[in-house]
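Data block for protein10.cif (mmCIF, C-alpha atoms and all ligand atoms):
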```
data_structure
#
loop_
_atom_site.label_atom_id
_atom_site.label_comp_id
_atom_site.auth_asym_id
_atom_site.auth_seq_id
_atom_site.Cartn_x
_atom_site.Cartn_y
_atom_site.Cartn_z
CA MET A 183 34.92 28.22 22.74
CA SER A 184 32.30 25.68 21.75
CA LYS A 185 28.87 26.84 20.75
CA VAL A 186 25.45 25.48 21.67
CA ILE A 187 22.28 26.68 19.99
CA ILE A 188 18.93 26.41 21.77
CA SER A 189 16.07 26.73 19.27
CA ASP A 190 12.44 27.18 20.23
CA VAL A 191 10.09 24.79 18.45
CA GLN A 192 6.97 26.74 19.44
CA ASN A 193 7.94 29.81 17.43
CA ASN A 194 9.82 28.15 14.58
CA GLU A 195 9.15 25.31 12.16
CA ILE A 196 11.44 22.30 12.70
CA PRO A 197 12.77 22.31 9.08
CA GLU A 198 13.66 26.02 9.49
CA ILE A 199 15.54 25.26 12.71
CA ILE A 200 17.53 22.47 11.05
CA LYS A 201 18.29 24.66 8.03
CA ASN A 202 19.60 27.35 10.39
CA VAL A 203 21.72 24.85 12.35
CA PHE A 204 23.23 23.57 9.07
CA GLU A 205 24.12 27.14 8.11
CA ILE A 206 25.68 28.02 11.46
CA PHE A 207 27.89 24.92 11.49
CA GLY A 208 28.69 25.07 7.77
CA VAL A 209 27.30 21.59 7.17
CA GLU A 210 26.60 21.92 3.43
CA ASP A 211 30.26 22.06 2.41
CA LYS A 212 31.12 19.18 4.72
CA VAL A 213 28.43 16.77 3.48
CA LYS A 214 28.27 17.50 -0.25
CA ASP A 215 29.17 14.31 -2.16
CA LYS A 216 29.86 12.59 1.17
CA LYS A 217 28.48 9.58 2.98
CA VAL A 218 26.52 10.71 6.04
CA LEU A 219 25.31 8.71 9.03
CA VAL A 220 22.35 10.11 10.97
CA LYS A 221 22.33 8.38 14.37
CA PRO A 222 19.03 8.81 16.27
CA ASN A 223 18.08 7.20 19.57
CA ILE A 224 15.99 4.14 18.63
CA LEU A 225 16.12 2.45 22.00
CA GLY A 226 13.22 0.12 21.32
CA PRO A 227 9.71 -0.25 19.89
CA PHE A 228 8.20 2.88 21.44
CA PRO A 229 5.84 5.25 19.61
CA PRO A 230 6.99 8.90 19.44
CA GLU A 231 4.51 10.10 22.06
CA ARG A 232 6.27 7.96 24.71
CA GLY A 233 9.21 10.38 24.55
CA VAL A 234 11.75 7.52 24.57
CA THR A 235 13.12 7.72 21.02
CA THR A 236 14.16 10.59 18.78
CA ASP A 237 11.23 12.58 17.38
CA PRO A 238 10.72 11.52 13.73
CA ARG A 239 10.03 15.13 12.73
CA VAL A 240 13.61 16.02 13.58
CA ILE A 241 14.94 13.08 11.56
CA SER A 242 12.71 14.00 8.61
CA ALA A 243 13.99 17.61 8.63
CA ILE A 244 17.64 16.47 8.81
CA VAL A 245 17.22 14.01 5.93
CA GLN A 246 15.51 16.65 3.78
CA GLU A 247 18.27 19.16 4.47
CA LEU A 248 20.98 16.59 3.67
CA LYS A 249 19.23 15.82 0.38
CA LYS A 250 19.29 19.52 -0.45
CA CYS A 251 23.03 19.54 0.33
CA ARG A 252 23.47 16.72 -2.22
CA SER A 253 25.08 14.20 0.10
CA LYS A 254 26.27 11.15 -1.85
CA GLU A 255 24.63 8.70 0.56
CA ILE A 256 22.49 9.21 3.64
CA VAL A 257 22.06 6.41 6.17
CA VAL A 258 19.72 6.68 9.16
CA GLY A 259 20.22 3.96 11.74
CA ASP A 260 20.75 2.88 15.31
CA ASN A 261 21.32 -0.38 17.15
CA SER A 262 18.29 -0.92 19.31
CA GLY A 263 18.73 -2.86 22.51
CA SER A 264 15.62 -4.91 21.69
CA ILE A 265 17.49 -7.67 19.92
CA HIS A 266 14.50 -9.95 19.43
CA PHE A 267 12.53 -7.35 17.48
CA ASP A 268 12.94 -6.78 13.74
CA PRO A 269 14.87 -3.45 13.44
CA PHE A 270 12.58 -2.35 10.61
CA LYS A 271 9.55 -3.00 12.80
CA ILE A 272 11.08 -0.92 15.60
CA ALA A 273 11.92 1.86 13.14
CA LYS A 274 8.32 1.74 11.89
CA ILE A 275 6.81 1.98 15.40
CA THR A 276 9.08 4.90 16.35
CA GLY A 277 8.10 6.75 13.15
CA ILE A 278 11.74 6.89 12.09
CA LEU A 279 11.34 4.49 9.16
CA ASP A 280 8.87 6.78 7.39
CA ALA A 281 10.71 9.95 8.46
CA SER A 282 13.93 8.65 6.89
CA GLU A 283 12.39 8.73 3.39
CA GLY A 284 14.13 5.59 2.14
CA CYS A 285 17.40 6.23 4.02
CA TYR A 286 16.77 3.97 7.01
CA ARG A 287 19.07 0.98 7.23
CA ASN A 288 19.52 -1.88 9.70
CA ILE A 289 23.07 -0.89 10.67
CA ALA A 290 23.51 -4.06 12.74
CA GLY A 291 23.65 -5.98 9.46
CA GLU A 292 27.32 -5.22 8.80
CA VAL A 293 29.79 -5.01 11.65
CA LEU A 294 33.46 -4.30 12.03
CA GLU A 295 35.91 -5.10 14.84
CA VAL A 296 37.79 -2.04 16.06
CA LYS A 297 40.51 -1.43 18.62
CA VAL A 298 39.38 0.57 21.65
CA GLU A 299 41.51 2.71 23.93
CA SER A 300 40.04 1.38 27.13
CA LYS A 301 41.14 -0.29 30.34
CA PHE A 302 38.06 -2.52 30.18
CA ILE A 303 38.25 -3.96 26.67
CA ASP A 304 40.72 -4.04 23.75
CA GLU A 305 38.41 -4.63 20.80
CA LEU A 306 34.74 -4.18 20.07
CA PHE A 307 32.34 -4.88 17.24
CA ILE A 308 30.60 -1.77 15.97
CA SER A 309 28.35 -1.08 12.98
CA LYS A 310 30.57 -0.76 9.90
CA ILE A 311 28.82 2.38 8.68
CA VAL A 312 30.11 4.28 11.72
CA LYS A 313 33.67 4.02 10.39
CA GLU A 314 32.70 4.36 6.73
CA ALA A 315 30.74 7.59 7.14
CA ASP A 316 32.53 10.82 6.25
CA TYR A 317 30.18 12.80 8.49
CA VAL A 318 28.16 11.68 11.52
CA ILE A 319 25.14 13.55 12.84
CA ASN A 320 24.25 12.40 16.35
CA VAL A 321 20.55 12.97 17.13
CA PRO A 322 20.07 12.17 20.83
CA LYS A 323 17.10 12.78 23.07
CA PHE A 324 16.73 15.06 26.10
CA LYS A 325 16.25 12.52 28.86
CA THR A 326 17.32 11.49 32.32
CA HIS A 327 18.88 8.12 33.08
CA SER A 328 18.54 6.24 36.37
CA LEU A 329 22.12 4.96 36.15
CA THR A 330 24.11 7.73 34.47
CA THR A 331 21.80 10.64 35.47
CA ILE A 332 21.54 11.91 31.88
CA THR A 333 21.02 10.29 28.51
CA GLY A 334 22.30 12.70 25.93
CA ALA A 335 24.80 13.03 23.14
CA ILE A 336 27.72 11.06 24.67
CA LYS A 337 25.56 8.13 25.70
CA ASN A 338 23.71 8.05 22.38
CA MET A 339 26.94 6.91 20.74
CA PHE A 340 26.73 3.70 22.83
CA GLY A 341 24.29 2.70 20.09
CA ILE A 342 27.11 2.16 17.58
CA ILE A 343 27.47 -1.27 19.20
CA PRO A 344 25.12 -3.88 17.78
CA GLY A 345 22.42 -5.66 19.72
CA GLY A 346 22.87 -7.53 22.94
CA LYS A 347 26.56 -6.75 23.21
CA LYS A 348 25.66 -3.44 24.83
CA ALA A 349 24.05 -5.14 27.82
CA GLN A 350 27.03 -7.48 28.15
CA LEU A 351 29.37 -4.52 28.51
CA HIS A 352 27.76 -3.71 31.85
CA THR A 353 29.44 -6.80 33.28
CA LEU A 354 32.88 -5.25 32.70
CA ASN A 355 32.32 -2.42 35.15
CA ARG A 356 32.34 -2.35 38.92
CA SER A 357 30.73 1.03 39.50
CA ILE A 358 28.87 3.81 37.72
CA ASP A 359 32.15 5.75 37.44
CA GLU A 360 33.61 2.81 35.54
CA PHE A 361 30.57 2.42 33.32
CA ALA A 362 30.72 6.14 32.51
CA GLU A 363 34.39 5.73 31.64
CA LEU A 364 33.57 2.92 29.23
CA LEU A 365 30.83 5.02 27.63
CA VAL A 366 33.34 7.80 26.99
CA ASP A 367 35.81 5.22 25.56
CA ILE A 368 33.09 4.14 23.11
CA TYR A 369 32.16 7.72 22.30
CA GLN A 370 35.79 8.31 21.32
CA ILE A 371 35.69 5.52 18.71
CA ARG A 372 33.86 7.99 16.47
CA VAL A 373 33.27 11.46 17.81
CA PRO A 374 30.24 12.84 15.94
CA ASP A 375 30.69 15.87 13.72
CA LEU A 376 27.41 17.47 14.68
CA ASN A 377 24.84 16.89 17.43
CA ILE A 378 21.20 17.87 17.08
CA MET A 379 19.31 17.02 20.26
CA ASP A 380 15.57 16.44 20.20
CA ALA A 381 14.31 18.24 23.29
CA ILE A 382 10.74 18.56 22.03
CA ILE A 383 9.23 15.86 24.25
CA GLY A 384 11.82 15.24 26.95
CA MET A 385 11.83 12.82 29.85
CA GLU A 386 12.30 13.51 33.56
CA GLY A 387 12.47 11.30 36.65
CA ALA A 388 13.55 7.69 36.25
CA GLY A 389 14.48 7.73 32.54
CA PRO A 390 15.45 6.66 29.96
CA THR A 391 12.32 4.58 29.29
CA ASN A 392 9.96 4.79 32.18
CA GLY A 393 10.37 8.34 33.40
CA LYS A 394 7.68 11.00 32.92
CA ILE A 395 7.44 12.87 29.65
CA ARG A 396 8.06 16.59 29.85
CA ILE A 397 7.22 18.98 27.04
CA ILE A 398 10.25 21.20 26.49
CA ASN A 399 9.74 22.26 22.86
CA LYS A 400 13.42 22.86 22.07
CA ILE A 401 16.03 21.58 19.68
CA ILE A 402 19.59 21.95 21.02
CA SER A 403 22.55 21.73 18.66
CA SER A 404 26.31 21.81 18.90
CA ASP A 405 29.39 20.50 17.19
CA ASN A 406 30.58 19.39 20.63
CA SER A 407 28.66 16.62 22.43
CA ILE A 408 30.16 17.42 25.84
CA SER A 409 29.10 21.06 25.77
CA LEU A 410 25.68 20.04 24.49
CA ASP A 411 25.19 17.54 27.33
CA SER A 412 26.39 20.16 29.82
CA VAL A 413 23.75 22.61 28.61
CA MET A 414 21.11 19.88 28.81
CA ALA A 415 22.20 19.09 32.39
CA ALA A 416 22.02 22.80 33.31
CA MET A 417 18.49 22.98 31.87
CA MET A 418 17.60 19.99 34.08
CA GLY A 419 18.85 21.99 37.06
CA LEU A 420 21.98 19.84 37.47
CA LYS A 421 25.56 20.98 37.81
CA PRO A 422 27.42 19.40 34.88
CA ASP A 423 30.45 18.69 37.07
CA ILE A 424 28.51 16.22 39.27
CA ILE A 425 27.77 13.98 36.28
CA GLU A 426 30.32 11.19 35.88
CA LEU A 427 30.14 11.12 32.06
CA LEU A 428 30.91 14.83 31.87
CA GLN A 429 33.63 14.71 34.52
CA ILE A 430 35.48 12.03 32.55
CA ALA A 431 35.00 13.78 29.20
CA LYS A 432 36.32 17.00 30.74
CA GLU A 433 39.38 15.22 32.18
CA ARG A 434 40.14 13.97 28.68
CA ASN A 435 39.80 17.47 27.18
CA LEU A 436 36.92 16.36 24.96
CA GLY A 437 34.90 19.49 25.58
CA GLU A 438 33.85 22.25 27.93
CA ILE A 439 31.44 21.56 30.79
CA ASP A 440 31.61 24.96 32.47
CA ILE A 441 28.57 26.80 31.12
CA SER A 442 30.29 30.18 31.53
CA HIS A 443 32.89 28.99 28.99
CA ILE A 444 30.33 27.86 26.40
CA ILE A 445 28.74 30.25 23.89
CA VAL A 446 25.02 29.64 24.27
CA ASP A 447 22.87 31.04 21.49
CA GLY A 448 19.27 31.03 22.79
CA GLU A 449 17.66 31.10 26.19
CA LEU A 450 19.24 28.76 28.73
CA LYS A 451 16.68 28.46 31.49
CA VAL A 452 16.39 25.81 34.19
CA ILE A 453 13.15 23.93 33.52
CA SER A 454 10.92 24.64 36.48
CA GLY A 455 10.46 21.65 38.79
CA PHE A 456 12.32 19.26 36.48
CA LYS A 457 12.73 15.92 38.26
CA THR A 458 16.13 14.30 38.02
CA PRO A 459 16.91 10.71 39.05
CA ASN A 460 17.55 10.17 42.73
CA ASN A 461 20.99 11.72 43.21
CA GLY A 462 21.06 12.31 46.95
CA ILE A 463 23.99 11.53 49.22
CA LEU A 464 23.05 7.85 49.66
CA GLN A 465 22.68 7.41 45.95
CA ARG A 466 26.09 8.99 45.40
CA ILE A 467 27.66 6.56 47.88
CA ARG A 468 25.97 3.72 46.03
CA LYS A 469 27.33 4.98 42.72
CA LYS A 470 30.88 4.89 44.05
CA ALA A 471 30.47 1.42 45.51
CA VAL A 472 31.43 -1.80 43.85
CA PRO A 473 28.19 -3.66 43.22
CA HIS A 474 29.84 -7.00 42.41
CA ILE A 475 31.70 -7.07 45.67
CA PHE A 476 29.48 -5.01 47.94
CA ASN A 477 26.11 -6.32 46.89
CA PHE A 478 24.52 -4.26 49.66
CA ALA A 479 25.07 -1.27 47.41
CA SER A 480 22.98 -2.55 44.51
CA ILE A 481 19.30 -1.92 43.97
CA LYS A 482 17.02 -4.71 42.90
CA PRO A 483 14.38 -3.83 40.31
CA ILE A 484 10.84 -4.92 41.11
CA VAL A 485 8.27 -6.10 38.56
CA ASN A 486 4.86 -4.48 38.74
CA HIS A 487 2.51 -7.43 38.22
CA ASN A 488 -0.36 -5.15 37.23
CA LYS A 489 1.57 -3.83 34.25
CA CYS A 490 3.70 -6.85 33.29
CA LYS A 491 2.59 -8.69 30.14
CA ILE A 492 5.12 -11.51 30.67
CA CYS A 493 6.80 -10.71 27.34
CA LYS A 494 10.15 -11.83 28.86
CA LYS A 495 12.18 -8.99 27.31
CA CYS A 496 13.70 -8.26 30.73
CA ILE A 497 14.85 -11.88 30.97
CA GLU A 498 16.39 -11.82 27.48
CA VAL A 499 18.23 -8.56 28.00
CA CYS A 500 19.67 -9.17 31.48
CA PRO A 501 23.45 -9.52 30.98
CA VAL A 502 24.00 -11.65 34.09
CA LEU A 503 20.92 -13.90 33.83
CA ALA A 504 19.55 -12.45 37.05
CA MET A 505 15.95 -12.29 35.78
CA SER A 506 13.85 -15.42 35.59
CA LEU A 507 10.21 -16.40 35.79
CA THR A 508 9.22 -17.04 39.39
CA ASN A 509 5.60 -17.75 40.17
CA LYS A 510 4.48 -16.71 36.67
CA PHE A 511 6.16 -13.26 36.67
CA PRO A 512 9.83 -12.35 36.17
CA GLU A 513 11.85 -11.61 39.27
CA ALA A 514 15.44 -10.46 39.71
CA ASP A 515 17.82 -12.55 41.78
CA ARG A 516 19.38 -10.09 44.20
CA LYS A 517 22.60 -12.11 44.48
CA LYS A 518 23.19 -11.89 40.73
CA CYS A 519 21.76 -8.44 39.89
CA ILE A 520 24.38 -5.78 39.09
CA SER A 521 21.86 -2.89 38.94
CA CYS A 522 22.55 -2.12 35.30
CA PHE A 523 18.81 -1.38 34.81
CA CYS A 524 18.80 -2.83 31.28
CA CYS A 525 15.55 -4.60 32.22
CA ASP A 526 13.92 -1.24 32.97
CA GLU A 527 15.34 0.30 29.81
CA HIS A 528 13.90 -2.43 27.61
CA CYS A 529 10.56 -3.21 29.24
CA PRO A 530 8.00 -2.10 26.64
CA TYR A 531 5.23 -1.79 29.22
CA GLY A 532 6.87 0.29 31.95
CA ALA A 533 6.44 -2.61 34.35
CA ILE A 534 9.85 -2.40 36.06
CA ILE A 535 10.02 -0.33 39.23
CA LEU A 536 13.41 0.99 40.32
CA PRO A 537 13.08 1.57 44.07
CA SER A 538 14.93 4.35 45.86
CA TRP A 539 17.86 3.23 48.01
CA GLN A 540 15.68 3.63 51.11
CA GLN A 541 12.82 1.61 49.63
CA ASP A 542 15.30 -1.05 48.55
CA ILE A 543 16.58 -1.42 52.13
CA PHE A 544 12.97 -1.82 53.24
CA ASN A 545 12.46 -4.46 50.53
CA ARG A 546 15.54 -6.34 51.77
CA LEU A 547 14.17 -6.32 55.31
CA LYS A 548 10.98 -7.87 53.93
CA GLY A 549 13.11 -10.56 52.26
CA LYS A 550 12.48 -9.32 48.72
S1 LIG A 601 8.61 -6.78 33.30
FE1 LIG A 601 8.33 -5.84 31.30
S2 LIG A 601 9.87 -6.79 30.01
FE2 LIG A 601 9.65 -8.08 31.81
S3 LIG A 601 8.14 -9.59 31.20
FE3 LIG A 601 7.03 -7.97 32.24
S4 LIG A 601 6.36 -6.62 30.59
FE4 LIG A 601 7.96 -7.91 29.72
S1 LIG A 602 17.89 -7.77 36.78
FE1 LIG A 602 17.82 -5.87 35.60
S2 LIG A 602 19.12 -4.45 36.75
FE2 LIG A 602 19.59 -6.52 37.50
S3 LIG A 602 21.31 -7.16 36.25
FE3 LIG A 602 19.48 -7.92 35.22
S4 LIG A 602 18.96 -6.33 33.74
FE4 LIG A 602 20.43 -5.44 35.18
#
```
Is it possible to express this structure as C-alpha cells?
Ligand code: SF4
Ligand code: SF4
Amino acid sequence: MSKVIISDVQNNEIPEIIKNVFEIFGVEDKVKDKKVLVKPNILGPFPPERGVTTDPRVISAIVQELKKCRSKEIVVGDNSGSIHFDPFKIAKITGILDASEGCYRNIAGEVLEVKVESKFIDELFISKIVKEADYVINVPKFKTHSLTTITGAIKNMFGIIPGGKKAQLHTLNRSIDEFAELLVDIYQIRVPDLNIMDAIIGMEGAGPTNGKIRIINKIISSDNSISLDSVMAAMMGLKPDIIELLQIAKERNLGEIDISHIIVDGELKVISGFKTPNNGILQRIRKKAVPHIFNFASIKPIVNHNKCKICKKCIEVCPVLAMSLTNKFPEADRKKCISCFCCDEHCPYGAIILPSWQQDIFNRLKGK
C-alpha cells in the first residue's frame, strides 16, 4: 500500500518536517553521491504570497536536507510557461532563486528528444536534466485547475517540457479526457521518486493562477504521485475517481486512488467550504465534448479591462492564435478558441475571467 504523510506546518518547523519525510522514505541512502533534480512549480513571475508557485521555504528546506545527505549535485528548476521572461528573473520573483542556495538552474537551457508512449505524439523535447538525474523530487502545489480540476503532483511533471511547447500540446487534444491522458503520458516519461507537496498557501476556485488563496498550513508527501493527488482531492472535498487525471493513472496501475487503500499518516480532513472549479453536470458534459468540432461546448475567456495592463502575455501564449488586440484590449476569437485556458494561467494580473457555462451561453446570446 502506498503511504501519504500529512504534516502540520503550524505545529512543526518546515525543516523538521522535511527531515522527517526524508527519514520515512529513506531518502539519504538514495541521494548520497547522486545527482538530484528538485522540480518545483514555477508557473510564472508570481511572488510567494500569490499562492501560485511552490513556497520557497519548502524548497530551501529540501535543498538543505539534500546537502546534509551529501548529494553529488543538486539542481532546482522548472520550465515556466512565461517564455518571454528571463527564467532567473522568474525564479527571483517567486523566491525560489534565493531559496535554492546556488542550486537553481535554467533547465530549459539543455533539452533532449525522447520517445513517448502516447497516441497523441511520438517524440517530445524535455529538459535534459530530467533524464540525467538519479533521483527526482517533485514539489507541486496544492491548487485547483479550471481545466483538469486539480493541479498537483501528476500535472507538475508537465513542466519537464520547455517553454511554449507546453501550450502547443493543447492543440493535440479534443477533450479534457484526452488532455488528461497526454498529461499522464508525460508524467510517465520520468515518474518522480518522491513528492513533497506545498499545501501551506493553497488555491481554491478557478485555479491555477487566478483562484482564491486558501491557508491550509500542510505539507503532504508520498513516494506515489497518484496517491498524493488523491489525498489532495479528498481534502478538497472531491472524490478522486471523478478526476480524469486520476482515473487514467488508476487504469494504468500507476497508483492507488481509493483513500481506504492508502496509508495516511496525519489527519485527513475535508477543508471546510473549499471551493472547487465548476464541476456540475453541464461542465461534465462540456468536458466530454469535442471543442474543435462542437465549438458550442467551449468557453470563451473574457478580459477584464479594469485589471488588464495590455502586457500581451495572453496573446503570446495562446497556442491557436485566438487572442488578439481588439479595440486596445486583447480579445479571444470564439471560433478559434479551444478553451485551454493558457491565457488565464499566464496572465500576471488576474485579468482573465473564465465564465461559467451558463454565463458563457449568456455571453454568446449577447454576441460576445
Ligand atoms: S489579459 Fe492579462 S495577459 Fe492579457 S494583456 Fe491583459 S494583463 Fe496581459
Ligand atoms: S484564448 Fe485562451 S483559452 Fe482560448 S485557446 Fe487561446 S489561450 Fe486557450
Output, as JSON, the centre and edge lengths in Å (one decimal) of the axis-aligned box that contains all listed atoms of ligand LIG 602 (chain A) with 3 Å of margin on each side.
```
{"center_x": 19.6, "center_y": -6.2, "center_z": 35.6, "size_x": 9.5, "size_y": 9.5, "size_z": 9.8}
```
Give me, as a tab-separated table, each residue of chain A that comes within 6 Å of ligand LIG 602 (chain A), together with its shortest interatomic pair and the distance in Å at one decimal, counting all atoms listed in the file, with rows ordered by chain and rising residue number.
```
residue	atom	partner	partner_atom	distance
A:Pro483	CA	A:LIG602	S2	6.0
A:Cys500	CA	A:LIG602	S4	3.7
A:Val502	CA	A:LIG602	S3	5.7
A:Ala504	CA	A:LIG602	FE3	4.9
A:Met505	CA	A:LIG602	S1	5.0
A:Ala514	CA	A:LIG602	S1	4.7
A:Cys519	CA	A:LIG602	FE2	3.8
A:Ile520	CA	A:LIG602	S3	4.4
A:Ser521	CA	A:LIG602	S2	3.8
A:Cys522	CA	A:LIG602	FE4	3.9
A:Phe523	CA	A:LIG602	S2	3.6
A:Cys524	CA	A:LIG602	S4	4.3
A:Cys525	CA	A:LIG602	S4	4.1
```
What would the file look like if the residues just selected were written as an mmCIF file, in the coordinates of the input with C-alpha atoms?
```cif
data_model
loop_
_atom_site.group_PDB
_atom_site.id
_atom_site.type_symbol
_atom_site.label_atom_id
_atom_site.label_comp_id
_atom_site.auth_asym_id
_atom_site.auth_seq_id
_atom_site.Cartn_x
_atom_site.Cartn_y
_atom_site.Cartn_z
ATOM 1 C CA PRO A 483 14.380 -3.830 40.310
ATOM 2 C CA CYS A 500 19.670 -9.170 31.480
ATOM 3 C CA VAL A 502 24.000 -11.650 34.090
ATOM 4 C CA ALA A 504 19.550 -12.450 37.050
ATOM 5 C CA MET A 505 15.950 -12.290 35.780
ATOM 6 C CA ALA A 514 15.440 -10.460 39.710
ATOM 7 C CA CYS A 519 21.760 -8.440 39.890
ATOM 8 C CA ILE A 520 24.380 -5.780 39.090
ATOM 9 C CA SER A 521 21.860 -2.890 38.940
ATOM 10 C CA CYS A 522 22.550 -2.120 35.300
ATOM 11 C CA PHE A 523 18.810 -1.380 34.810
ATOM 12 C CA CYS A 524 18.800 -2.830 31.280
ATOM 13 C CA CYS A 525 15.550 -4.600 32.220
#
```
Nearest to A:Lys313, restricted to all atoms listed in the file and choosing among A:Leu294, A:Val257, A:Val366, A:Ile378, comes out as A:Leu294
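The space between atom CA of A:Gly455 and atom CA of A:Ile336 spans 24.7 Å.
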Find the residue from A:Glu449, A:Asp440, A:Asp211, A:Glu198 that sits nearest to A:Val240; use all atoms listed in the file when measuring. A:Glu198
Just how far from atom CA of A:Asn320 is atom CA of A:Leu420, in Å to one decimal? 22.5 Å
Fewer than 2 positions away in the same chain doesn't count, so skip those; otherwise give me all residues within 8 Å of A:Ala349, counting all atoms listed in the file, as number ranges by chain. A: 263, 346-347, 351-353, 499-501, 524
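Between atom CA of A:Gly284 and atom CA of A:Ser253 the separation is 14.1 Å.
In this comparison, which uses only C-alpha atoms and all ligand atoms, the residue of A:Gln540, A:Gly226, A:Phe307, A:Asn193 approaching ligand LIG 601 (chain A) most closely is A:Gly226.
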Neighbouring residues of stretch 386-402 of chain A were defined as those with any atom within 9 Å, considering only C-alpha atoms; residues of the same chain fewer than 3 positions away were excluded. Please report them as a PyMOL selection string. chain A and resi 186-192+196+199-200+225+231-235+240+324-329+331-333+377-383+410+413-414+418+453+456-460+526-536
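Shortest atom-to-atom contact with A:Lys216 among A:Glu195, A:Glu283, A:Glu314, A:Glu426: A:Glu314, counting all atoms listed in the file.
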Using only C-alpha atoms and all ligand atoms for the distances, tell me which of A:Asp237, A:Asp367, A:Asp542, A:Glu513 is nearest to ligand LIG 601 (chain A). A:Glu513
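With distances restricted to all atoms listed in the file, A:Leu503 is the closest residue to A:Gln350 from A:Lys254, A:Leu503, A:Lys212, A:Ile484.
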The residues within 7 Å of (36.2, -3.3, 14.0), using all atoms listed in the file and the coordinates of the file, should be reported as a ChimeraX atom specification; which are they? /A:294-297,306-308
Distance query A:Leu279 at most 10 Å, only C-alpha atoms, self and fewer than 2 positions along chain excluded, as a PyMOL selection string: chain A and resi 238+241-242+258-259+269-277+281-287
Output requested as a tab-separated table (two decimals), in the frame of the given file - stretch 392-398 of chain A, filled out with all heavy atoms.
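So the final result, stored in part05.tsv, reads:
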```tsv
chain	number	residue	atom	x	y	z
A	392	ASN	N	11.16	4.75	31.36
A	392	ASN	CA	9.96	4.79	32.18
A	392	ASN	C	9.86	6.01	33.09
A	392	ASN	O	9.21	5.97	34.12
A	392	ASN	CB	9.86	3.49	32.98
A	392	ASN	CG	9.65	2.32	32.04
A	392	ASN	OD1	8.79	2.38	31.16
A	392	ASN	ND2	10.47	1.29	32.16
A	393	GLY	N	10.54	7.09	32.69
A	393	GLY	CA	10.37	8.34	33.40
A	393	GLY	C	9.07	9.00	32.96
A	393	GLY	O	8.24	8.39	32.27
A	394	LYS	N	8.90	10.27	33.33
A	394	LYS	CA	7.68	11.00	32.92
A	394	LYS	C	8.01	11.91	31.76
A	394	LYS	O	9.06	12.57	31.76
A	394	LYS	CB	7.18	11.86	34.09
A	394	LYS	CG	6.19	11.11	34.97
A	394	LYS	CD	5.70	11.96	36.10
A	394	LYS	CE	4.77	13.08	35.63
A	394	LYS	NZ	4.34	13.93	36.73
A	395	ILE	N	7.14	11.98	30.77
A	395	ILE	CA	7.44	12.87	29.65
A	395	ILE	C	7.28	14.32	30.11
A	395	ILE	O	6.47	14.63	30.98
A	395	ILE	CB	6.61	12.57	28.38
A	395	ILE	CG1	5.13	12.78	28.61
A	395	ILE	CG2	6.89	11.21	27.84
A	395	ILE	CD1	4.37	12.86	27.29
A	396	ARG	N	8.08	15.17	29.50
A	396	ARG	CA	8.06	16.59	29.85
A	396	ARG	C	8.18	17.39	28.54
A	396	ARG	O	9.16	17.22	27.79
A	396	ARG	CB	9.26	16.87	30.76
A	396	ARG	CG	9.34	18.27	31.31
A	396	ARG	CD	8.33	18.47	32.42
A	396	ARG	NE	8.20	19.86	32.75
A	396	ARG	CZ	8.62	20.41	33.89
A	396	ARG	NH1	9.17	19.67	34.82
A	396	ARG	NH2	8.46	21.69	34.10
A	397	ILE	N	7.17	18.19	28.28
A	397	ILE	CA	7.22	18.98	27.04
A	397	ILE	C	8.21	20.13	27.23
A	397	ILE	O	8.06	20.96	28.13
A	397	ILE	CB	5.82	19.54	26.68
A	397	ILE	CG1	4.78	18.40	26.61
A	397	ILE	CG2	5.87	20.33	25.37
A	397	ILE	CD1	5.04	17.32	25.58
A	398	ILE	N	9.22	20.17	26.38
A	398	ILE	CA	10.25	21.20	26.49
A	398	ILE	C	10.24	22.10	25.25
A	398	ILE	O	10.54	23.29	25.32
A	398	ILE	CB	11.64	20.55	26.69
A	398	ILE	CG1	11.61	19.67	27.95
A	398	ILE	CG2	12.75	21.60	26.82
A	398	ILE	CD1	12.76	18.71	28.07
```
